[in-house]
Each structure stands twice: as structure tokens, then as C-alpha cells.
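In what follows, a single structure is set out as C-alpha cells and then discussed.
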Amino acid sequence: MRTLRPIRRTLAVALAAGALLTASACGSDDLSSDDSSGSGDKGTVRLASQNFDEAVLVTTMYQQVLENAGYTVPDPTFVDTRDVYMAKFPGDFDVVPEYVAGIGDYLNIDQNGEDAKPVTTNDTDESLQAMQPLLDKAGITLLDPSPAASQNAFFVTKDYSEQNGVTKLSDLQGKSITLAAPPDCKGRSDCEGGLTGVYGIDIAKILPLGYATPETYKSVLDGESQLGETGTLDGTLDDQGLVLLEDDKGIQPAQNLVPAVSSDFLKDNPDVADPLNSLMAALDNQTLGELIAQVTVDRAKPEDVAKDFLQSKGLID
Amino acid sequence: MSLFGDVVRYLLDGSHWHGDLGLLPLLGQQLLLSVTALVIALLVALPLASWLGHIGRGGFLAVSVSNIGRAVPTLALLAILVRAEWPGTAYLGPYGRAGVATLLALALFALPPLITQTYVALREVPAETKEAAVGLGMSGWQLFVRVELPLALPLVLSGVRLALVQVWATATIAALVAGPGLGNVITDGFSNQRYSEGVAGAVVVAVVALALEIAGALLARTLAPDPLRGETTERAVGVTA
């Protein structure tokens, strides 16, 4: 037995190597025939995104339009924060549903250090231009941005809005406010920094309770805080007796939805662009806000909401 | 530019230690939070586990129940308490936002090591020693105070030390409900991509945990000198002489 073992092992290795060779040979055959015919399996697209309802819904739409275009799309990897998947993108992931300023600011800090000056602004085209060198360096290509923009936004209770005549952020100028927001709010130009610096609001205290979390809603509803942070696509506010304030001085950077694709992957698979660009064009704030509310409020499954919407728009069969 | 260098620089910068949200006041807040939670847990665990250990009954149940408690994530417990009608997010003096909920969650977290160690410590007192004490005419209370407690003390104190270090390190979760403590530095750093700050906060927590461990060991030595150390050698010498 013992003498046989090394021989067996060698055999096994040889067999495995042979199998690999055959497999890779088959693979290249398949690819070339696919490229010519343009039908069947075009290869695998690996998606990653963040795991809040909006991102999950949009990522599911990516998955469905790409599958419809003939790609194999394994279930996306959902993680808590952007830096988790960005550590492996490009590389382990090929396409990532992103936001213009979101990825721009991330790459800026990633490449230029913790104190880098923000490159993004309220203007989408301007931001995209400023980001280009960062994207080139990271090996990432952005497809067409959507008209839908998931920007940070601030809400108060309807009662507070009526009693104090507050409908836009500039109405809060000079007022002393407790703010319920994510822990990254302090100093940020799209959060505490902009509210104090641009709007002249006195932010007495920030409670780090998160972005559009039940804790943040509760804190504002309880009157512990007056202002809470959520997104422009939040479809749950009305039912809770909360109302968004208009960002009338434009402190929010352009957060249009945009597909971020590994540049190498895009070169090899140029066909991923069309379905994703069509998807981006079909989305706007109102449409997406309503779809997200179906998930967050009505607890519908993201797959079902995505499928109904994409079919109604003729984006999938 | 390395993370390690950034962390060291962060820690060496005096301005990060002082001020309203500096490391020192946050450290103080967390110490107060941890010690208070530990005291609450001690008030529950010590009498209960001592009594059970003394009568030698019900210990299995107490240890099992508190060990099941060990399996409940403190973070989940805190989340439930904060959303409940009571204690909710009520402020409590220096314990800040959701102070009651945080103290309660941490105290429950401290119970398992305290109950287990105390119960086991009392059960480990040799039966013949106890029989001898009873033979000398000691009452149950005298047996407990003069014999069982002194012999059990080193193990009980090691449980207290264990609980303190665990509670200290876990007390960082207070920051997740906008409460006090060094957790604020950690969440603030990581959520702002200022990793040096986040790691620096974690380093301070770890260093203080070690310091507490060592201080606890020294204190235990003073309170309950090991009867087998020092005296034993003398006695051994006596025997051979």
C-alpha cells in the first residue's frame, strides 16, 4: 500500500493537469464561438454591492438585465460598507453598482490620503471629469450615469415643519439643532460640515444613529433630535409623518447611480455596457423611490420588484 | 504613510487625548460604565452564587442558565433593549444616551463568569475542611465567612478580573447607540475612512484591558495571598528538619 501511494498521487496529479488543460482548451473554444455568434453563455459577471434595500434592489436589476443579455451572474456579494468590496474590485468582482460621488470620494481618499480635498461637486459632469484620473489609476470604467440620484437628504417631522414653517434647509439657519445621522457625518461637506458652513445651522449635537435607520427615525419622532438623515429615494417618510427638506443651496454632491466596471473586464466583455446603460436610462428618482418603497415598506422581494419593473420597461424578456 | 505609523502619530498627538471627545475623557466614561456594570453584576452574582455554592444545590441550574446567557450576543441584547418601551434610549447621567440599556446589557454579560467562578470556587473547598469546621462547632454562617469564603476568594477574584476585562472591551458597543466611551473613536474612525483613528481607539482599548488585567492580578494577590506560597516552604522546611 505504502509503495503504491506516491505512484497514485503522481497519477492523480497528471490526470488533474490533463483535465485542466482540456477544460481550458474547451473554455477558449466556447469563448471564441460565443463571440462570433453573440448568443448563449457569454461568461460570468461577478457583482458586489452594499446591503441596504436600495442597493440590493438596484443590484438585483443589474443581475437580471445581465442574465437576460446572456451572462451567467452568480448571486451578488452584499457587504456592509463600500470599502469591503472595493478591496477586491477590480479583481474578484467585475461590475459594481455605484454612485458618482460615492466612488469618486472613496477613490480620492484611497489614493490621496485621509485628508484629501473632495473632488466631487453638486454637478454630475464636473464631478465625472474631476474623477477621471482616479478611475484610470484604479482600473475602473464608469458607464452612463442615471438621471436617478440617491443623495443624502434631511428630514423633520411634519409637525415641526408646519409649526416652524420649515420646508427647506435654509429655513433652519441660525437654529440650534440636534441631528440624527450616520457616524461619518461630522465635518463632511454633505452633512454636518455643509449644514453649519453653507446653511449656518447650529448643529448642537450629532447622534450617530445611522442613515435612515429605525433608530434615526425614532429619535426624530421622539423629539430627541429635530433633524434626521436619509436619502432622496426614501419612500417611507410620508407614512411615518416625516418630510424631506429641500437642499436649496446644493451641498449634496452628484450621487447619480452609475455602473462601475473593471476596465479590463469591459475590454474583454464590451457587451455588458448596453443592458446596463439602458437600465440606468430607465430609472429616475420618482420611479426608483416607489420601487424601493415596495421593498422597504411592503416587504416585497427585491427579485420580484425588479422583475416586474424590468419587464414593464421591456428591459428583460 | 503606513497605517502603523499613522496610528502611532495619532496616539502621540496630545490634542487627540484632550477636549470633549478626546481619548482621555472617553476612556474615563468607558471605565465608569464598565465598573458600574460590573458592580451591578457583582451585587446579583456574588450573593446568589455564594449561597448556592454554600448549600451545594441548584448550582447546575445557575451555571447553565448563566452560560446560556453567554451565548446571547450582547450587541443583540442592547439593540432589543434600546427599541423596547423600557429602558429604551433614556439618558442616565454620565452614562449618557441609552445609559440604562447599556448598563443592563453589560451587567448581564458579566454574570456568567462571576456566577460560574464563584459557585465553583465554593464547591472546591475540600469536604474534610468543612467537616472539620462543623466539628469545631461552627454555624453555617461561620463556616461560610471563616472557612469557605477565604479559601474560595482567589478563584472568585479571578472571576471578577475576567468579568472586568470582558466588560471593559465590550463596553465599546455603547457607541453604537450613541452612548459614551472609546467605541466612539473606533466607529468614528472606521466610518470616516480614518483608519488610523479607528485602530488607535482599538489599541487604547486593548492596552487598558491589559492594564486592568494586571492591576486585577496585583489586587487579587494583595486581597487573597495564595496560602500555598511562602508559608508552604517554611512548613516543608519544618517537616524535614
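So you can find residues: chains in the C-alpha cells are A, B, ... in the order shown, residues in each start at 1, and ligands are numbered from 1 in order.
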
Find the residues of chain B in contact range of chain A, meaning any atom within 12 Å when counting only C-alpha atoms, and list them as number ranges by chain. B: 1-3, 6, 79-80, 82-85, 88-91, 96-98, 174-180, 183-197

List the neighbours of A:Gln50 out to 7 Å using only C-alpha atoms; skip same-chain residues closer than 5 positions along the sequence, and give me the result as a list in words.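 Using only C-alpha atoms, the neighbours found are Ala55, Val56, Phe78, Val79, Asp80, Thr81 and Arg82 of chain A.
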
Excluding B:Ser158 and residues on its chain fewer than 2 positions from it, collect all residues at most 12 Å away from it, counting only C-alpha atoms, and give them as number ranges by chain. B: 113-118, 120-121, 152-156, 160-165, 213-221, 223-224

Same residues, N, CA and C atoms, saved as a compact mmCIF listing (two decimals), in the first residue's frame:
```
# COMPACT_ATOMS: atom_id res chain seq x y z
N PRO B 113 -19.27 34.69 33.96
CA PRO B 113 -18.00 34.36 34.62
C PRO B 113 -18.10 34.50 36.13
N LEU B 114 -18.86 35.48 36.60
CA LEU B 114 -18.97 35.70 38.05
C LEU B 114 -19.69 34.53 38.72
N ILE B 115 -20.84 34.16 38.17
CA ILE B 115 -21.63 33.09 38.79
C ILE B 115 -20.86 31.77 38.73
N THR B 116 -20.32 31.45 37.56
CA THR B 116 -19.63 30.17 37.41
C THR B 116 -18.43 30.09 38.34
N GLN B 117 -17.59 31.13 38.32
CA GLN B 117 -16.36 31.07 39.11
C GLN B 117 -16.67 31.02 40.60
N THR B 118 -17.63 31.83 41.04
CA THR B 118 -17.94 31.87 42.46
C THR B 118 -18.51 30.54 42.94
N VAL B 120 -18.17 27.56 41.55
CA VAL B 120 -17.13 26.52 41.51
C VAL B 120 -16.14 26.71 42.65
N ALA B 121 -15.76 27.96 42.93
CA ALA B 121 -14.79 28.25 43.99
C ALA B 121 -15.29 27.70 45.33
N ALA B 152 -12.12 30.32 49.02
CA ALA B 152 -12.65 30.49 47.66
C ALA B 152 -12.21 31.79 47.03
N LEU B 153 -11.74 32.72 47.87
CA LEU B 153 -11.50 34.08 47.41
C LEU B 153 -10.62 34.20 46.16
N PRO B 154 -9.48 33.51 46.09
CA PRO B 154 -8.64 33.68 44.89
C PRO B 154 -9.40 33.39 43.59
N LEU B 155 -10.18 32.32 43.58
CA LEU B 155 -10.91 31.94 42.37
C LEU B 155 -12.03 32.94 42.09
N VAL B 156 -12.71 33.39 43.16
CA VAL B 156 -13.77 34.38 42.98
C VAL B 156 -13.18 35.65 42.37
N VAL B 160 -13.89 37.87 38.93
CA VAL B 160 -14.17 39.31 38.88
C VAL B 160 -13.25 39.98 37.85
N ARG B 161 -11.98 39.56 37.88
CA ARG B 161 -11.00 40.13 36.96
C ARG B 161 -11.38 39.82 35.52
N LEU B 162 -11.74 38.58 35.29
CA LEU B 162 -12.16 38.14 33.95
C LEU B 162 -13.35 38.97 33.48
N ALA B 163 -14.33 39.12 34.38
CA ALA B 163 -15.54 39.86 34.03
C ALA B 163 -15.21 41.32 33.72
N LEU B 164 -14.32 41.90 34.52
CA LEU B 164 -13.99 43.31 34.32
C LEU B 164 -13.35 43.53 32.95
N VAL B 165 -12.40 42.67 32.60
CA VAL B 165 -11.70 42.83 31.32
C VAL B 165 -12.67 42.61 30.16
N GLU B 213 -6.17 43.92 33.56
CA GLU B 213 -5.85 42.53 33.86
C GLU B 213 -4.71 42.47 34.89
N ILE B 214 -3.66 43.26 34.63
CA ILE B 214 -2.50 43.24 35.52
C ILE B 214 -2.86 43.84 36.88
N ALA B 215 -3.57 44.97 36.86
CA ALA B 215 -3.98 45.60 38.12
C ALA B 215 -4.85 44.64 38.92
N GLY B 216 -5.75 43.94 38.21
CA GLY B 216 -6.62 42.99 38.89
C GLY B 216 -5.83 41.87 39.53
N ALA B 217 -4.80 41.38 38.83
CA ALA B 217 -3.98 40.30 39.35
C ALA B 217 -3.24 40.76 40.61
N LEU B 218 -2.70 41.99 40.56
CA LEU B 218 -1.98 42.52 41.72
C LEU B 218 -2.91 42.68 42.92
N LEU B 219 -4.11 43.20 42.61
CA LEU B 219 -5.09 43.43 43.67
C LEU B 219 -5.50 42.10 44.31
N ALA B 220 -5.72 41.10 43.44
CA ALA B 220 -6.12 39.80 43.95
C ALA B 220 -5.04 39.23 44.87
N ARG B 221 -3.79 39.47 44.51
CA ARG B 221 -2.68 38.97 45.31
C ARG B 221 -2.66 39.61 46.69
N LEU B 223 -5.33 41.05 48.20
CA LEU B 223 -6.53 40.71 48.95
C LEU B 223 -6.50 39.26 49.41
N ALA B 224 -6.00 38.41 48.55
CA ALA B 224 -6.04 36.98 48.87
C ALA B 224 -4.70 36.34 48.56
```

Residues within 9 Å of A:Ser127, only C-alpha atoms, excluding chain neighbours under 6 positions, as a ChimeraX atom specification: /A:100-101,104,119-121,253-254

So which residues touch B:Ala71 within 10 Å, counting only C-alpha atoms, skipping near sequence neighbours fewer than 3 positions away, as a VMD selection string? chain B and resid 66 to 68 74 109 112

What does the distance from atom CA of A:Thr124 to atom CA of A:Ala282 come to in Å, to one decimal?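 Separating atom CA of A:Thr124 from atom CA of A:Ala282 is a distance of 17.7 Å.
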
Spatial neighbours of stretch 126-132 of chain B, max dist 9 Å, only C-alpha atoms, sep filter under 4 positions, as a ChimeraX atom specification: /B:136-137,143,147-148

Write out the residues from the selection above, keeping N, CA and C atoms, as a JSON list (two decimals), in the first residue's frame.
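Output file again-v1.json follows:
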```json
[["chain", "number", "residue", "atom", "x", "y", "z"],
["B", 136, "LEU", "N", -15.79, 21.60, 64.78],
["B", 136, "LEU", "CA", -15.35, 22.57, 65.77],
["B", 136, "LEU", "C", -16.53, 23.35, 66.34],
["B", 137, "GLY", "N", -17.71, 23.09, 65.78],
["B", 137, "GLY", "CA", -18.90, 23.74, 66.30],
["B", 137, "GLY", "C", -19.29, 25.00, 65.56],
["B", 143, "LEU", "N", -19.05, 29.02, 59.11],
["B", 143, "LEU", "CA", -18.37, 28.16, 58.15],
["B", 143, "LEU", "C", -18.15, 28.92, 56.85],
["B", 147, "VAL", "N", -14.32, 29.98, 56.73],
["B", 147, "VAL", "CA", -13.63, 28.89, 56.04],
["B", 147, "VAL", "C", -13.82, 28.95, 54.52],
["B", 148, "GLU", "N", -15.08, 28.88, 54.10],
["B", 148, "GLU", "CA", -15.33, 28.76, 52.66],
["B", 148, "GLU", "C", -14.88, 30.01, 51.90]]
```

Who sits within 6 Å of stretch 143-153 of chain A, only C-alpha atoms, same chain under 5 positions skipped, as a PyMOL selection string: chain A and resi 229-232+255-259+277+280-281+283-285

Could you write those residues out with N, CA and C atoms, as a PDB file, in the first residue's frame?
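Dumped everything to again37.pdb:
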```
ATOM      1  N   GLU A 229     -31.073  62.151   9.035  1.00  0.00           N
ATOM      2  CA  GLU A 229     -30.557  61.992   7.680  1.00  0.00           C
ATOM      3  C   GLU A 229     -31.109  60.745   7.005  1.00  0.00           C
ATOM      4  N   THR A 230     -31.494  60.896   5.743  1.00  0.00           N
ATOM      5  CA  THR A 230     -31.926  59.765   4.935  1.00  0.00           C
ATOM      6  C   THR A 230     -31.529  60.080   3.501  1.00  0.00           C
ATOM      7  N   GLY A 231     -32.200  59.416   2.528  1.00  0.00           N
ATOM      8  CA  GLY A 231     -31.854  59.648   1.134  1.00  0.00           C
ATOM      9  C   GLY A 231     -33.001  60.247   0.348  1.00  0.00           C
ATOM     10  N   THR A 232     -32.687  60.804  -0.816  1.00  0.00           N
ATOM     11  CA  THR A 232     -33.727  61.381  -1.668  1.00  0.00           C
ATOM     12  C   THR A 232     -34.708  60.323  -2.146  1.00  0.00           C
ATOM     13  N   GLN A 255     -24.889  62.313  -6.799  1.00  0.00           N
ATOM     14  CA  GLN A 255     -24.852  60.883  -6.462  1.00  0.00           C
ATOM     15  C   GLN A 255     -25.718  60.099  -7.437  1.00  0.00           C
ATOM     16  N   ASN A 256     -25.558  60.384  -8.724  1.00  0.00           N
ATOM     17  CA  ASN A 256     -26.312  59.628  -9.718  1.00  0.00           C
ATOM     18  C   ASN A 256     -25.866  58.173  -9.701  1.00  0.00           C
ATOM     19  N   LEU A 257     -26.840  57.281  -9.883  1.00  0.00           N
ATOM     20  CA  LEU A 257     -26.500  55.867  -9.982  1.00  0.00           C
ATOM     21  C   LEU A 257     -25.641  55.664 -11.221  1.00  0.00           C
ATOM     22  N   VAL A 258     -24.605  54.846 -11.099  1.00  0.00           N
ATOM     23  CA  VAL A 258     -23.733  54.621 -12.247  1.00  0.00           C
ATOM     24  C   VAL A 258     -23.078  53.244 -12.112  1.00  0.00           C
ATOM     25  N   PRO A 259     -23.042  52.464 -13.227  1.00  0.00           N
ATOM     26  CA  PRO A 259     -22.360  51.172 -13.155  1.00  0.00           C
ATOM     27  C   PRO A 259     -20.844  51.374 -13.214  1.00  0.00           C
ATOM     28  N   ASN A 277     -26.505  50.395 -19.464  1.00  0.00           N
ATOM     29  CA  ASN A 277     -26.826  51.777 -19.832  1.00  0.00           C
ATOM     30  C   ASN A 277     -28.327  51.965 -20.022  1.00  0.00           C
ATOM     31  N   MET A 280     -29.912  52.189 -16.618  1.00  0.00           N
ATOM     32  CA  MET A 280     -29.681  53.495 -15.987  1.00  0.00           C
ATOM     33  C   MET A 280     -30.648  54.543 -16.556  1.00  0.00           C
ATOM     34  N   ALA A 281     -30.852  54.485 -17.898  1.00  0.00           N
ATOM     35  CA  ALA A 281     -31.719  55.470 -18.543  1.00  0.00           C
ATOM     36  C   ALA A 281     -33.170  55.321 -18.099  1.00  0.00           C
ATOM     37  N   LEU A 283     -34.281  54.625 -15.160  1.00  0.00           N
ATOM     38  CA  LEU A 283     -34.529  54.954 -13.754  1.00  0.00           C
ATOM     39  C   LEU A 283     -34.530  56.474 -13.532  1.00  0.00           C
ATOM     40  N   ASP A 284     -35.461  56.947 -12.692  1.00  0.00           N
ATOM     41  CA  ASP A 284     -35.388  58.324 -12.199  1.00  0.00           C
ATOM     42  C   ASP A 284     -35.800  58.295 -10.727  1.00  0.00           C
ATOM     43  N   ASN A 285     -35.646  59.409 -10.032  1.00  0.00           N
ATOM     44  CA  ASN A 285     -35.877  59.446  -8.584  1.00  0.00           C
ATOM     45  C   ASN A 285     -37.253  58.914  -8.189  1.00  0.00           C
TER      46      ASN A 285
END
```

If I take atom CA of B:Arg9 and atom CA of A:Gln111, how far is one from the other in Å, to one decimal?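 The value is 19.9 Å.
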
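Among the candidate residues A:Ile316, A:Val305, A:Leu142, A:Val73, the one lying nearest to A:Lys42 is A:Val73, with distances computed using only C-alpha atoms.
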
Closest of A:Asp247, A:Ser262, A:Thr196, A:Gly174 to A:Leu47, counting only C-alpha atoms, is A:Ser262

Just the number, please: distance in Å from atom CA of A:Val261 to atom CA of A:Val95, one decimal.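 Here the two named atoms are 4.5 Å from each other.
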
Can you check which residues of stretch 9-249 of chain A DSSP gives as helix (DSSP H, G or I) on the backbone and send them as a VMD selection string? chain A and resid 9 to 37 53 to 68 82 to 86 100 to 112 124 to 138 158 to 164 169 to 172 192 to 197 214 to 221 237 to 240

Among the residues of stretch 119-228 of chain A, find those DSSP assigns to strand (DSSP E or B) from the backbone and print them as a list in words.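 Taking stretch 119-228 of chain A and keeping strand (DSSP E or B) only, one gets Ile140, Thr141, Leu142, Ala149, Asn152, Ala153, Phe154, Phe155, Val156, Thr157, Lys168, Ser176, Ile177, Thr178, Leu179, Ala180, Ala181, Asp202, Ile203, Ala204, Lys205, Ile206, Leu207, Pro208, Leu227 and Gly228 of chain A.
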
Selected residues written out, N, CA and C atoms, as an mmCIF file, in the first residue's frame:
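Writing the result to result08.cif gives the following:
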```
data_model
loop_
_atom_site.group_PDB
_atom_site.id
_atom_site.type_symbol
_atom_site.label_atom_id
_atom_site.label_comp_id
_atom_site.auth_asym_id
_atom_site.auth_seq_id
_atom_site.Cartn_x
_atom_site.Cartn_y
_atom_site.Cartn_z
ATOM 1 N N ILE A 140 -10.846 51.330 -13.299
ATOM 2 C CA ILE A 140 -12.308 51.248 -13.262
ATOM 3 C C ILE A 140 -12.881 52.163 -14.355
ATOM 4 N N THR A 141 -13.909 51.672 -15.075
ATOM 5 C CA THR A 141 -14.591 52.499 -16.053
ATOM 6 C C THR A 141 -16.029 52.688 -15.610
ATOM 7 N N LEU A 142 -16.509 53.922 -15.640
ATOM 8 C CA LEU A 142 -17.915 54.168 -15.326
ATOM 9 C C LEU A 142 -18.710 54.186 -16.618
ATOM 10 N N ALA A 149 -30.725 59.962 -8.801
ATOM 11 C CA ALA A 149 -29.603 60.275 -7.927
ATOM 12 C C ALA A 149 -29.999 60.002 -6.489
ATOM 13 N N ASN A 152 -27.888 62.195 -0.183
ATOM 14 C CA ASN A 152 -28.276 62.346 1.209
ATOM 15 C C ASN A 152 -29.313 63.457 1.298
ATOM 16 N N ALA A 153 -30.224 63.320 2.245
ATOM 17 C CA ALA A 153 -31.240 64.347 2.425
ATOM 18 C C ALA A 153 -31.609 64.363 3.895
ATOM 19 N N PHE A 154 -32.226 65.447 4.321
ATOM 20 C CA PHE A 154 -32.548 65.598 5.737
ATOM 21 C C PHE A 154 -34.039 65.784 5.925
ATOM 22 N N PHE A 155 -34.553 65.166 6.999
ATOM 23 C CA PHE A 155 -35.993 65.248 7.239
ATOM 24 C C PHE A 155 -36.292 65.774 8.639
ATOM 25 N N VAL A 156 -37.501 66.338 8.767
ATOM 26 C CA VAL A 156 -38.037 66.729 10.070
ATOM 27 C C VAL A 156 -39.430 66.108 10.176
ATOM 28 N N THR A 157 -40.074 66.217 11.320
ATOM 29 C CA THR A 157 -41.449 65.735 11.409
ATOM 30 C C THR A 157 -42.349 66.753 10.719
ATOM 31 N N LYS A 168 -37.344 73.973 3.620
ATOM 32 C CA LYS A 168 -36.027 73.769 3.011
ATOM 33 C C LYS A 168 -34.952 73.993 4.061
ATOM 34 N N SER A 176 -30.672 76.110 16.650
ATOM 35 C CA SER A 176 -29.862 75.096 17.322
ATOM 36 C C SER A 176 -30.557 73.745 17.179
ATOM 37 N N ILE A 177 -29.845 72.787 16.568
ATOM 38 C CA ILE A 177 -30.475 71.550 16.119
ATOM 39 C C ILE A 177 -29.677 70.347 16.618
ATOM 40 N N THR A 178 -30.393 69.294 17.057
ATOM 41 C CA THR A 178 -29.742 68.006 17.274
ATOM 42 C C THR A 178 -30.018 67.143 16.056
ATOM 43 N N LEU A 179 -28.978 66.525 15.537
ATOM 44 C CA LEU A 179 -29.070 65.802 14.269
ATOM 45 C C LEU A 179 -28.826 64.303 14.477
ATOM 46 N N ALA A 180 -29.748 63.480 13.961
ATOM 47 C CA ALA A 180 -29.537 62.030 13.984
ATOM 48 C C ALA A 180 -29.016 61.624 12.613
ATOM 49 N N ALA A 181 -27.808 61.069 12.572
ATOM 50 C CA ALA A 181 -27.143 60.827 11.289
ATOM 51 C C ALA A 181 -26.147 59.685 11.449
ATOM 52 N N ASP A 202 -26.886 75.752 13.521
ATOM 53 C CA ASP A 202 -26.073 75.424 14.682
ATOM 54 C C ASP A 202 -26.360 73.965 15.075
ATOM 55 N N ILE A 203 -25.466 73.067 14.644
ATOM 56 C CA ILE A 203 -25.653 71.656 14.994
ATOM 57 C C ILE A 203 -25.088 71.447 16.395
ATOM 58 N N ALA A 204 -25.983 71.460 17.401
ATOM 59 C CA ALA A 204 -25.534 71.372 18.785
ATOM 60 C C ALA A 204 -24.976 69.992 19.089
ATOM 61 N N LYS A 205 -25.557 68.963 18.459
ATOM 62 C CA LYS A 205 -25.155 67.609 18.793
ATOM 63 C C LYS A 205 -25.475 66.688 17.626
ATOM 64 N N ILE A 206 -24.608 65.705 17.386
ATOM 65 C CA ILE A 206 -24.905 64.690 16.378
ATOM 66 C C ILE A 206 -25.057 63.357 17.103
ATOM 67 N N LEU A 207 -26.180 62.708 16.906
ATOM 68 C CA LEU A 207 -26.341 61.367 17.457
ATOM 69 C C LEU A 207 -26.025 60.379 16.342
ATOM 70 N N PRO A 208 -24.971 59.581 16.499
ATOM 71 C CA PRO A 208 -24.557 58.677 15.417
ATOM 72 C C PRO A 208 -25.472 57.453 15.327
ATOM 73 N N LEU A 227 -33.618 66.913 13.423
ATOM 74 C CA LEU A 227 -33.291 66.658 12.030
ATOM 75 C C LEU A 227 -32.679 65.257 11.926
ATOM 76 N N GLY A 228 -33.082 64.526 10.869
ATOM 77 C CA GLY A 228 -32.500 63.203 10.676
ATOM 78 C C GLY A 228 -32.024 63.064 9.248
#
```
